[in-house]
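Trainee: Enclosed is the structure file data05.cif (mmCIF, C-alpha atoms, pLDDT in the B column; chains and numbers go by the auth columns).
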```
data_query
loop_
_atom_site.group_PDB
_atom_site.id
_atom_site.type_symbol
_atom_site.label_atom_id
_atom_site.label_comp_id
_atom_site.label_asym_id
_atom_site.label_seq_id
_atom_site.Cartn_x
_atom_site.Cartn_y
_atom_site.Cartn_z
_atom_site.B_iso_or_equiv
_atom_site.auth_seq_id
_atom_site.auth_asym_id
ATOM 1 C CA MET A 1 12.490 -33.833 -44.312 56.00 1 A
ATOM 2 C CA GLY A 2 15.471 -33.945 -41.966 58.00 2 A
ATOM 3 C CA ASP A 3 15.232 -30.187 -41.288 62.00 3 A
ATOM 4 C CA VAL A 4 11.527 -30.526 -40.460 54.00 4 A
ATOM 5 C CA ALA A 5 12.292 -33.355 -38.039 55.00 5 A
ATOM 6 C CA LYS A 6 14.940 -31.203 -36.343 51.00 6 A
ATOM 7 C CA VAL A 7 12.468 -28.331 -35.959 55.00 7 A
ATOM 8 C CA ILE A 8 9.831 -30.663 -34.493 56.00 8 A
ATOM 9 C CA ALA A 9 12.380 -32.169 -32.128 61.00 9 A
ATOM 10 C CA LEU A 10 13.515 -28.705 -31.010 56.00 10 A
ATOM 11 C CA ASP A 11 9.917 -27.663 -30.366 63.00 11 A
ATOM 12 C CA ASP A 12 9.414 -30.806 -28.278 66.00 12 A
ATOM 13 C CA VAL A 13 12.511 -29.999 -26.235 65.00 13 A
ATOM 14 C CA ARG A 14 11.360 -26.435 -25.628 68.00 14 A
ATOM 15 C CA ALA A 15 7.879 -27.622 -24.627 75.00 15 A
ATOM 16 C CA SER A 16 9.405 -30.164 -22.270 84.00 16 A
ATOM 17 C CA GLN A 17 11.677 -27.537 -20.712 87.00 17 A
ATOM 18 C CA LYS A 18 8.744 -25.180 -20.140 87.00 18 A
ATOM 19 C CA HIS A 19 6.730 -28.019 -18.620 89.00 19 A
ATOM 20 C CA GLN A 20 9.562 -28.919 -16.265 92.00 20 A
ATOM 21 C CA ALA A 21 10.039 -25.263 -15.326 92.00 21 A
ATOM 22 C CA LEU A 22 6.352 -24.990 -14.433 93.00 22 A
ATOM 23 C CA ARG A 23 6.480 -28.174 -12.356 94.00 23 A
ATOM 24 C CA GLN A 24 9.556 -26.882 -10.528 95.00 24 A
ATOM 25 C CA GLN A 25 7.818 -23.610 -9.710 94.00 25 A
ATOM 26 C CA LEU A 26 4.745 -25.477 -8.478 95.00 26 A
ATOM 27 C CA HIS A 27 6.910 -27.707 -6.283 96.00 27 A
ATOM 28 C CA GLU A 28 8.519 -24.603 -4.784 96.00 28 A
ATOM 29 C CA ARG A 29 5.097 -23.129 -4.046 95.00 29 A
ATOM 30 C CA PHE A 30 4.009 -26.361 -2.383 95.00 30 A
ATOM 31 C CA ASP A 31 7.183 -26.474 -0.274 96.00 31 A
ATOM 32 C CA GLN A 32 6.470 -22.939 0.926 95.00 32 A
ATOM 33 C CA TRP A 33 2.940 -23.987 1.852 95.00 33 A
ATOM 34 C CA LEU A 34 4.228 -27.039 3.733 94.00 34 A
ATOM 35 C CA ASP A 35 6.515 -24.760 5.743 94.00 35 A
ATOM 36 C CA ALA A 36 3.493 -22.622 6.687 93.00 36 A
ATOM 37 C CA LEU A 37 1.506 -25.753 7.566 92.00 37 A
ATOM 38 C CA GLU A 38 4.261 -27.050 9.836 90.00 38 A
ATOM 39 C CA ARG A 39 4.313 -23.723 11.681 90.00 39 A
ATOM 40 C CA GLN A 40 0.558 -23.975 12.251 86.00 40 A
ATOM 41 C CA VAL A 41 0.521 -27.573 13.482 83.00 41 A
ATOM 42 C CA PRO A 42 1.456 -27.929 17.168 73.00 42 A
ATOM 43 C CA ALA A 43 3.654 -30.738 18.422 69.00 43 A
ATOM 44 C CA ALA A 44 0.857 -32.259 20.495 75.00 44 A
ATOM 45 C CA GLU A 45 -1.365 -34.986 19.112 83.00 45 A
ATOM 46 C CA LEU A 46 -4.213 -33.609 17.032 86.00 46 A
ATOM 47 C CA THR A 47 -7.760 -34.697 16.506 90.00 47 A
ATOM 48 C CA LEU A 48 -8.981 -35.188 12.960 92.00 48 A
ATOM 49 C CA HIS A 49 -11.075 -32.040 13.344 91.00 49 A
ATOM 50 C CA GLN A 50 -7.985 -30.000 14.255 90.00 50 A
ATOM 51 C CA VAL A 51 -6.045 -31.338 11.288 90.00 51 A
ATOM 52 C CA SER A 52 -8.940 -30.633 8.936 92.00 52 A
ATOM 53 C CA GLU A 53 -9.487 -27.163 10.375 90.00 53 A
ATOM 54 C CA THR A 54 -5.801 -26.246 10.034 91.00 54 A
ATOM 55 C CA ILE A 55 -5.547 -27.403 6.423 93.00 55 A
ATOM 56 C CA TRP A 56 -8.878 -25.736 5.572 92.00 56 A
ATOM 57 C CA GLY A 57 -7.636 -22.456 6.967 91.00 57 A
ATOM 58 C CA LEU A 58 -4.501 -22.622 4.800 93.00 58 A
ATOM 59 C CA ARG A 59 -6.094 -23.972 1.623 94.00 59 A
ATOM 60 C CA GLN A 60 -6.402 -20.699 -0.268 93.00 60 A
ATOM 61 C CA PRO A 61 -2.754 -19.629 0.027 93.00 61 A
ATOM 62 C CA LEU A 62 -1.849 -22.922 -1.661 95.00 62 A
ATOM 63 C CA THR A 63 -4.507 -22.980 -4.383 96.00 63 A
ATOM 64 C CA ALA A 64 -4.067 -19.269 -5.097 96.00 64 A
ATOM 65 C CA SER A 65 -0.292 -19.666 -5.458 96.00 65 A
ATOM 66 C CA VAL A 66 -0.812 -22.594 -7.850 96.00 66 A
ATOM 67 C CA ALA A 67 -3.244 -20.574 -9.965 96.00 67 A
ATOM 68 C CA GLN A 68 -0.972 -17.523 -9.967 96.00 68 A
ATOM 69 C CA THR A 69 2.045 -19.608 -10.993 96.00 69 A
ATOM 70 C CA ILE A 70 0.136 -21.145 -13.906 96.00 70 A
ATOM 71 C CA VAL A 71 -1.100 -17.734 -15.070 95.00 71 A
ATOM 72 C CA GLU A 72 2.381 -16.235 -14.918 94.00 72 A
ATOM 73 C CA HIS A 73 3.876 -19.216 -16.740 94.00 73 A
ATOM 74 C CA ARG A 74 1.261 -19.505 -19.488 93.00 74 A
ATOM 75 C CA HIS A 75 1.036 -15.771 -20.208 95.00 75 A
ATOM 76 C CA GLN A 76 4.681 -14.747 -20.161 93.00 76 A
ATOM 77 C CA ALA A 77 4.303 -13.014 -23.526 93.00 77 A
ATOM 78 C CA GLU A 78 1.611 -10.681 -22.163 94.00 78 A
ATOM 79 C CA HIS A 79 3.664 -9.933 -19.056 92.00 79 A
ATOM 80 C CA ARG A 80 6.620 -8.973 -21.259 93.00 80 A
ATOM 81 C CA ARG A 81 4.664 -7.166 -23.965 94.00 81 A
ATOM 82 C CA THR A 82 6.379 -3.903 -24.898 95.00 82 A
ATOM 83 C CA SER A 83 3.949 -2.538 -27.493 95.00 83 A
ATOM 84 C CA LEU A 84 0.339 -2.808 -28.613 95.00 84 A
ATOM 85 C CA HIS A 85 -1.374 -1.882 -31.867 93.00 85 A
ATOM 86 C CA CYS A 86 -4.362 0.282 -30.999 91.00 86 A
ATOM 87 C CA ALA A 87 -7.459 -0.696 -32.970 86.00 87 A
ATOM 88 C CA THR A 88 -8.981 2.758 -32.390 88.00 88 A
ATOM 89 C CA CYS A 89 -6.243 5.192 -33.426 87.00 89 A
ATOM 90 C CA GLU A 90 -4.177 2.579 -35.320 88.00 90 A
ATOM 91 C CA ARG A 91 -0.994 3.668 -33.569 91.00 91 A
ATOM 92 C CA LEU A 92 1.667 1.471 -32.010 95.00 92 A
ATOM 93 C CA LEU A 93 1.493 2.183 -28.300 95.00 93 A
ATOM 94 C CA PRO A 94 4.522 1.644 -26.050 95.00 94 A
ATOM 95 C CA ALA A 95 4.010 -0.148 -22.757 95.00 95 A
ATOM 96 C CA ARG A 96 3.758 1.958 -19.644 95.00 96 A
ATOM 97 C CA PRO A 97 5.003 0.764 -16.235 94.00 97 A
ATOM 98 C CA THR A 98 3.233 -2.343 -14.964 95.00 98 A
ATOM 99 C CA VAL A 99 0.208 -1.877 -12.744 96.00 99 A
ATOM 100 C CA ARG A 100 -0.582 -4.238 -9.888 96.00 100 A
ATOM 101 C CA ARG A 101 -4.035 -5.719 -9.420 96.00 101 A
ATOM 102 C CA THR A 102 -5.445 -8.331 -7.047 97.00 102 A
ATOM 103 C CA VAL A 103 -8.523 -10.295 -8.054 96.00 103 A
ATOM 104 C CA GLU A 104 -10.602 -12.609 -5.878 94.00 104 A
ATOM 105 C CA THR A 105 -11.420 -16.121 -7.122 95.00 105 A
ATOM 106 C CA LEU A 106 -12.772 -19.206 -5.381 95.00 106 A
ATOM 107 C CA VAL A 107 -9.239 -20.599 -5.191 95.00 107 A
ATOM 108 C CA GLY A 108 -7.943 -17.436 -3.532 95.00 108 A
ATOM 109 C CA ALA A 109 -6.615 -13.972 -4.259 95.00 109 A
ATOM 110 C CA ILE A 110 -4.524 -13.782 -7.440 96.00 110 A
ATOM 111 C CA LYS A 111 -1.948 -11.005 -7.698 95.00 111 A
ATOM 112 C CA LEU A 112 -1.208 -9.695 -11.164 95.00 112 A
ATOM 113 C CA GLU A 113 1.323 -7.261 -12.570 94.00 113 A
ATOM 114 C CA ARG A 114 0.487 -6.249 -16.121 95.00 114 A
ATOM 115 C CA PRO A 115 1.663 -3.599 -18.590 96.00 115 A
ATOM 116 C CA TYR A 116 -0.678 -0.737 -19.377 96.00 116 A
ATOM 117 C CA PHE A 117 -1.165 0.846 -22.791 96.00 117 A
ATOM 118 C CA TYR A 118 -2.718 4.250 -23.360 95.00 118 A
ATOM 119 C CA GLY A 119 -3.388 6.130 -26.585 91.00 119 A
ATOM 120 C CA ARG A 120 -3.269 9.868 -26.041 90.00 120 A
ATOM 121 C CA GLN A 121 -4.912 10.585 -29.375 89.00 121 A
ATOM 122 C CA CYS A 122 -7.905 8.282 -28.842 90.00 122 A
ATOM 123 C CA GLN A 123 -7.743 8.451 -25.017 91.00 123 A
ATOM 124 C CA CYS A 124 -8.228 4.686 -24.754 91.00 124 A
ATOM 125 C CA GLY A 125 -6.452 2.581 -22.160 93.00 125 A
ATOM 126 C CA ARG A 126 -6.020 -1.196 -22.238 94.00 126 A
ATOM 127 C CA TYR A 127 -4.616 -4.032 -20.170 96.00 127 A
ATOM 128 C CA PRO A 128 -4.135 -6.883 -22.684 96.00 128 A
ATOM 129 C CA LEU A 129 -3.503 -9.443 -19.940 96.00 129 A
ATOM 130 C CA ASP A 130 -6.867 -8.630 -18.344 97.00 130 A
ATOM 131 C CA GLU A 131 -8.524 -9.220 -21.697 95.00 131 A
ATOM 132 C CA VAL A 132 -6.735 -12.531 -22.286 95.00 132 A
ATOM 133 C CA LEU A 133 -7.699 -13.762 -18.821 96.00 133 A
ATOM 134 C CA GLY A 134 -11.288 -12.576 -19.212 95.00 134 A
ATOM 135 C CA LEU A 135 -11.180 -10.570 -15.982 95.00 135 A
ATOM 136 C CA ARG A 136 -14.257 -8.795 -14.701 90.00 136 A
ATOM 137 C CA VAL A 137 -14.347 -5.217 -13.474 85.00 137 A
ATOM 138 C CA GLY A 138 -13.663 -5.039 -9.747 85.00 138 A
ATOM 139 C CA ARG A 139 -12.052 -7.470 -7.372 90.00 139 A
ATOM 140 C CA MET A 140 -14.607 -10.321 -7.450 88.00 140 A
ATOM 141 C CA GLN A 141 -14.334 -12.547 -10.510 91.00 141 A
ATOM 142 C CA LEU A 142 -16.933 -14.628 -12.321 89.00 142 A
ATOM 143 C CA ASP A 143 -16.663 -17.800 -10.222 92.00 143 A
ATOM 144 C CA VAL A 144 -17.109 -15.827 -6.988 91.00 144 A
ATOM 145 C CA GLN A 145 -20.027 -13.868 -8.424 89.00 145 A
ATOM 146 C CA GLN A 146 -21.771 -17.014 -9.662 89.00 146 A
ATOM 147 C CA ALA A 147 -21.315 -18.880 -6.370 92.00 147 A
ATOM 148 C CA ALA A 148 -22.651 -15.888 -4.437 91.00 148 A
ATOM 149 C CA VAL A 149 -25.708 -15.701 -6.696 91.00 149 A
ATOM 150 C CA ASP A 150 -26.346 -19.436 -6.328 91.00 150 A
ATOM 151 C CA LEU A 151 -26.503 -19.080 -2.544 92.00 151 A
ATOM 152 C CA ALA A 152 -28.487 -15.838 -2.590 91.00 152 A
ATOM 153 C CA THR A 153 -31.219 -17.404 -4.726 88.00 153 A
ATOM 154 C CA GLU A 154 -31.806 -20.063 -2.046 90.00 154 A
ATOM 155 C CA LEU A 155 -31.252 -18.150 1.205 92.00 155 A
ATOM 156 C CA PRO A 156 -31.881 -14.697 2.721 92.00 156 A
ATOM 157 C CA TYR A 157 -29.142 -12.283 1.747 91.00 157 A
ATOM 158 C CA GLU A 158 -27.691 -11.961 5.263 92.00 158 A
ATOM 159 C CA THR A 159 -27.612 -15.740 5.715 94.00 159 A
ATOM 160 C CA ALA A 160 -26.147 -16.249 2.253 93.00 160 A
ATOM 161 C CA SER A 161 -23.462 -13.632 2.941 92.00 161 A
ATOM 162 C CA THR A 162 -22.464 -15.251 6.251 94.00 162 A
ATOM 163 C CA LEU A 163 -22.494 -18.786 4.854 94.00 163 A
ATOM 164 C CA PHE A 164 -20.583 -17.796 1.721 93.00 164 A
ATOM 165 C CA GLY A 165 -17.862 -16.161 3.808 92.00 165 A
ATOM 166 C CA ARG A 166 -17.589 -19.214 6.056 90.00 166 A
ATOM 167 C CA LEU A 167 -17.355 -21.682 3.168 89.00 167 A
ATOM 168 C CA SER A 168 -15.208 -19.675 0.766 90.00 168 A
ATOM 169 C CA GLY A 169 -13.191 -17.399 3.028 89.00 169 A
ATOM 170 C CA ILE A 170 -14.333 -14.456 0.885 89.00 170 A
ATOM 171 C CA ALA A 171 -16.368 -11.596 2.319 88.00 171 A
ATOM 172 C CA VAL A 172 -19.274 -10.595 0.075 87.00 172 A
ATOM 173 C CA ARG A 173 -21.663 -8.091 1.577 88.00 173 A
ATOM 174 C CA SER A 174 -25.367 -8.798 1.569 88.00 174 A
ATOM 175 C CA GLU A 175 -25.958 -5.562 -0.368 87.00 175 A
ATOM 176 C CA CYS A 176 -23.652 -6.790 -3.137 87.00 176 A
ATOM 177 C CA MET A 177 -25.480 -10.139 -3.235 86.00 177 A
ATOM 178 C CA HIS A 178 -28.741 -8.251 -3.552 83.00 178 A
ATOM 179 C CA THR A 179 -27.373 -6.311 -6.527 84.00 179 A
ATOM 180 C CA LEU A 180 -26.169 -9.491 -8.239 78.00 180 A
ATOM 181 C CA ILE A 181 -29.411 -11.393 -7.692 79.00 181 A
ATOM 182 C CA GLN A 182 -31.489 -8.486 -9.024 75.00 182 A
ATOM 183 C CA GLN A 183 -29.497 -8.473 -12.223 67.00 183 A
ATOM 184 C CA VAL A 184 -29.960 -12.220 -12.648 65.00 184 A
ATOM 185 C CA ALA A 185 -33.711 -11.948 -11.935 66.00 185 A
ATOM 186 C CA GLU A 186 -34.032 -9.254 -14.568 65.00 186 A
ATOM 187 C CA GLY A 187 -32.179 -11.412 -17.068 57.00 187 A
ATOM 188 C CA LEU A 188 -29.511 -8.773 -17.554 47.00 188 A
ATOM 189 C CA ARG A 189 -25.878 -9.328 -18.295 48.00 189 A
ATOM 190 C CA VAL A 190 -23.614 -7.581 -15.830 43.00 190 A
ATOM 191 C CA SER A 191 -22.211 -4.681 -17.808 43.00 191 A
ATOM 192 C CA PRO A 192 -18.824 -3.279 -16.778 41.00 192 A
ATOM 193 C CA PHE A 193 -20.365 0.066 -15.800 35.00 193 A
ATOM 194 C CA THR A 194 -23.209 -1.483 -13.773 41.00 194 A
ATOM 195 C CA MET A 195 -20.874 -3.847 -11.937 41.00 195 A
ATOM 196 C CA TYR A 196 -18.389 -1.025 -11.319 37.00 196 A
ATOM 197 C CA ALA A 197 -21.076 1.203 -9.816 38.00 197 A
ATOM 198 C CA GLY A 198 -22.480 -1.570 -7.663 42.00 198 A
ATOM 199 C CA LEU A 199 -19.063 -2.580 -6.335 40.00 199 A
ATOM 200 C CA VAL A 200 -18.125 1.005 -5.527 38.00 200 A
ATOM 201 C CA LEU A 201 -21.366 1.542 -3.595 36.00 201 A
ATOM 202 C CA ASN A 202 -20.870 -1.664 -1.644 40.00 202 A
ATOM 203 C CA GLY A 203 -17.161 -1.204 -0.993 43.00 203 A
ATOM 204 C CA GLN A 204 -16.139 -4.232 -3.067 41.00 204 A
ATOM 205 C CA LEU A 205 -13.992 -2.466 -5.681 41.00 205 A
ATOM 206 C CA MET A 206 -10.260 -2.530 -5.010 40.00 206 A
#
```
Go ahead and express the file in the form of structure tokens.
Mentor:
Amino acid sequence: MGDVAKVIALDDVRASQKHQALRQQLHERFDQWLDALERQVPAAELTLHQVSETIWGLRQPLTASVAQTIVEHRHQAEHRRTSLHCATCERLLPARPTVRRTVETLVGAIKLERPYFYGRQCQCGRYPLDEVLGLRVGRMQLDVQQAAVDLATELPYETASTLFGRLSGIAVRSECMHTLIQQVAEGLRVSPFTMYAGLVLNGQLM
């Protein structure tokens, strides 16, 4: 019983240390954002509108950095993964050099570096971190896609595109909104190939 208690206590300590490490990283991110905010705020007295406008313009760097820090902290194992068992060829695949990817969310652009695994025999490539995070093909992720569709169902595509960019800070072309709304109207799920083709045609794939 004593050994079990020691194991539980050790697990609690490790969990507490990880929690404190995450909080420290988040504090550092917030300090960096405060430095940027101070550089943007002039010494003169400001109106409430100026204060609001300044903070609004800097909101995504803060929220994106928070989201990125949480992702990096919670998925350290996937970032450090050195091998992957391929379900297709049943081989143990070694990790290749990490590949960078930036995805767009409503809280900002999230930068990811993840190991890539490729089976020469089955010619299948995988990014396990993408799968764990449930990432969509292309730069725009599910929350951005859904918000764009919500606006495009109520407004003309050009108006929806302009308003969405103003409110979110994310540029989504009217042609891309048209593609998304058509798929919703047809009751189709957005397949990886269909979304890939649509994003390439509309210049949204990065």
Trainee: Do you have the CA of Leu155 (chain A)-CA of Arg139 (chain A) distance handy?
Mentor: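 Between these atoms lies a distance of 23.6 Å.
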Trainee: Using all atoms listed in the file, I'd like a table of the residues in region 42-62 of chain A that come within 10 Å of region 166-186 of chain A; for each, show the closest atom pair and its distance in Å rounded to one decimal, ordered by chain and ascending number, as CSV.
Mentor:
```
residue,atom,partner,partner_atom,distance
A:Trp56,CA,A:Leu167,CA,9.7
A:Gly57,CA,A:Gly169,CA,8.5
A:Arg59,CA,A:Gly169,CA,9.8
A:Gln60,CA,A:Gly169,CA,8.2
```
Trainee: Export, as a PDB file, in the coordinates of the input, the selected residues with C-alpha atoms.
Mentor:
```pdb
ATOM      1  CA  TRP A  56      -8.878 -25.736   5.572  1.00 92.00           C
ATOM      2  CA  GLY A  57      -7.636 -22.456   6.967  1.00 91.00           C
ATOM      3  CA  ARG A  59      -6.094 -23.972   1.623  1.00 94.00           C
ATOM      4  CA  GLN A  60      -6.402 -20.699  -0.268  1.00 93.00           C
TER       5      GLN A  60
END
```
Trainee: I'd like to know which of A:Glu78, A:Glu113, A:Glu53, A:Glu158 is closest to Arg100 (chain A), using all atoms listed in the file.
Mentor: A:Glu113
Trainee: Selection in question (the file shown): the PyMOL selection byres ((chain A and resi 73) around 12). Which residues does it include, as a VMD selection string?
Mentor: chain A and resid 18 to 26 66 to 72 74 to 80
Trainee: Rank A:Ala148, A:Val51, A:Leu58, A:Val103 by their smallest atom-to-atom distance to Gln32 (chain A), using only C-alpha atoms, and report the top residue only.
Mentor: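 Checking each of A:Ala148, A:Val51, A:Leu58, A:Val103 against Gln32 (chain A), counting only C-alpha atoms, the winner is A:Leu58.
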Trainee: Could you work out how far CA of Lys111 (chain A) lies from CA of Ser65 (chain A), giving the answer in Å with one decimal?
Mentor: 9.1 Å
Trainee: Give as a short mmCIF file (atom, residue, chain, number, x, y, z; two decimals) with C-alpha atoms, in the coordinates of the input every residue, naming chains and numbers as the document does, that has an atom within 12 Å of (4.7, -0.9, -20.4), counting all atoms listed in the file.
Mentor:
```cif
data_model
loop_
_atom_site.label_atom_id
_atom_site.label_comp_id
_atom_site.auth_asym_id
_atom_site.auth_seq_id
_atom_site.Cartn_x
_atom_site.Cartn_y
_atom_site.Cartn_z
CA GLU A 78 1.61 -10.68 -22.16
CA HIS A 79 3.66 -9.93 -19.06
CA ARG A 80 6.62 -8.97 -21.26
CA ARG A 81 4.66 -7.17 -23.96
CA THR A 82 6.38 -3.90 -24.90
CA SER A 83 3.95 -2.54 -27.49
CA LEU A 84 0.34 -2.81 -28.61
CA LEU A 93 1.49 2.18 -28.30
CA PRO A 94 4.52 1.64 -26.05
CA ALA A 95 4.01 -0.15 -22.76
CA ARG A 96 3.76 1.96 -19.64
CA PRO A 97 5.00 0.76 -16.24
CA THR A 98 3.23 -2.34 -14.96
CA VAL A 99 0.21 -1.88 -12.74
CA GLU A 113 1.32 -7.26 -12.57
CA ARG A 114 0.49 -6.25 -16.12
CA PRO A 115 1.66 -3.60 -18.59
CA TYR A 116 -0.68 -0.74 -19.38
CA PHE A 117 -1.16 0.85 -22.79
CA TYR A 118 -2.72 4.25 -23.36
CA GLY A 125 -6.45 2.58 -22.16
CA ARG A 126 -6.02 -1.20 -22.24
CA TYR A 127 -4.62 -4.03 -20.17
CA PRO A 128 -4.14 -6.88 -22.68
CA LEU A 129 -3.50 -9.44 -19.94
#
```
Trainee: Take CA of Ala147 (chain A) and CA of Trp33 (chain A) and report the distance between them in Å, one decimal.
Mentor: 26.1 Å
Trainee: Which residue is closest to Asp31 (chain A)? Choose from A:Leu62, A:Cys124, A:Phe164, A:Gly119 and count all atoms listed in the file.
Mentor: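 Selected residue with least distance to Asp31 (chain A): A:Leu62.
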Trainee: In terms of the shortest atom-to-atom distance over only C-alpha atoms, which of A:Leu92, A:Ala160, A:Cys122, A:Leu106 is closest to Gln141 (chain A)?
Mentor: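 For Gln141 (chain A), the nearest of the candidates is A:Leu106.
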Trainee: Can you work out which one of A:Arg120, A:Arg39, A:His49, A:Arg29 has the shortest atom-to-atom distance to Thr63 (chain A), counting all atoms listed in the file?
Mentor: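 Result for the nearest residue to Thr63 (chain A): A:Arg29.
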Trainee: Taking the file above as input, evaluate the PyMOL selection byres ((chain A and resi 108) around 7) and report the hits as a PyMOL selection string.
Mentor: chain A and resi 60-61+63-64+104-107+109-110
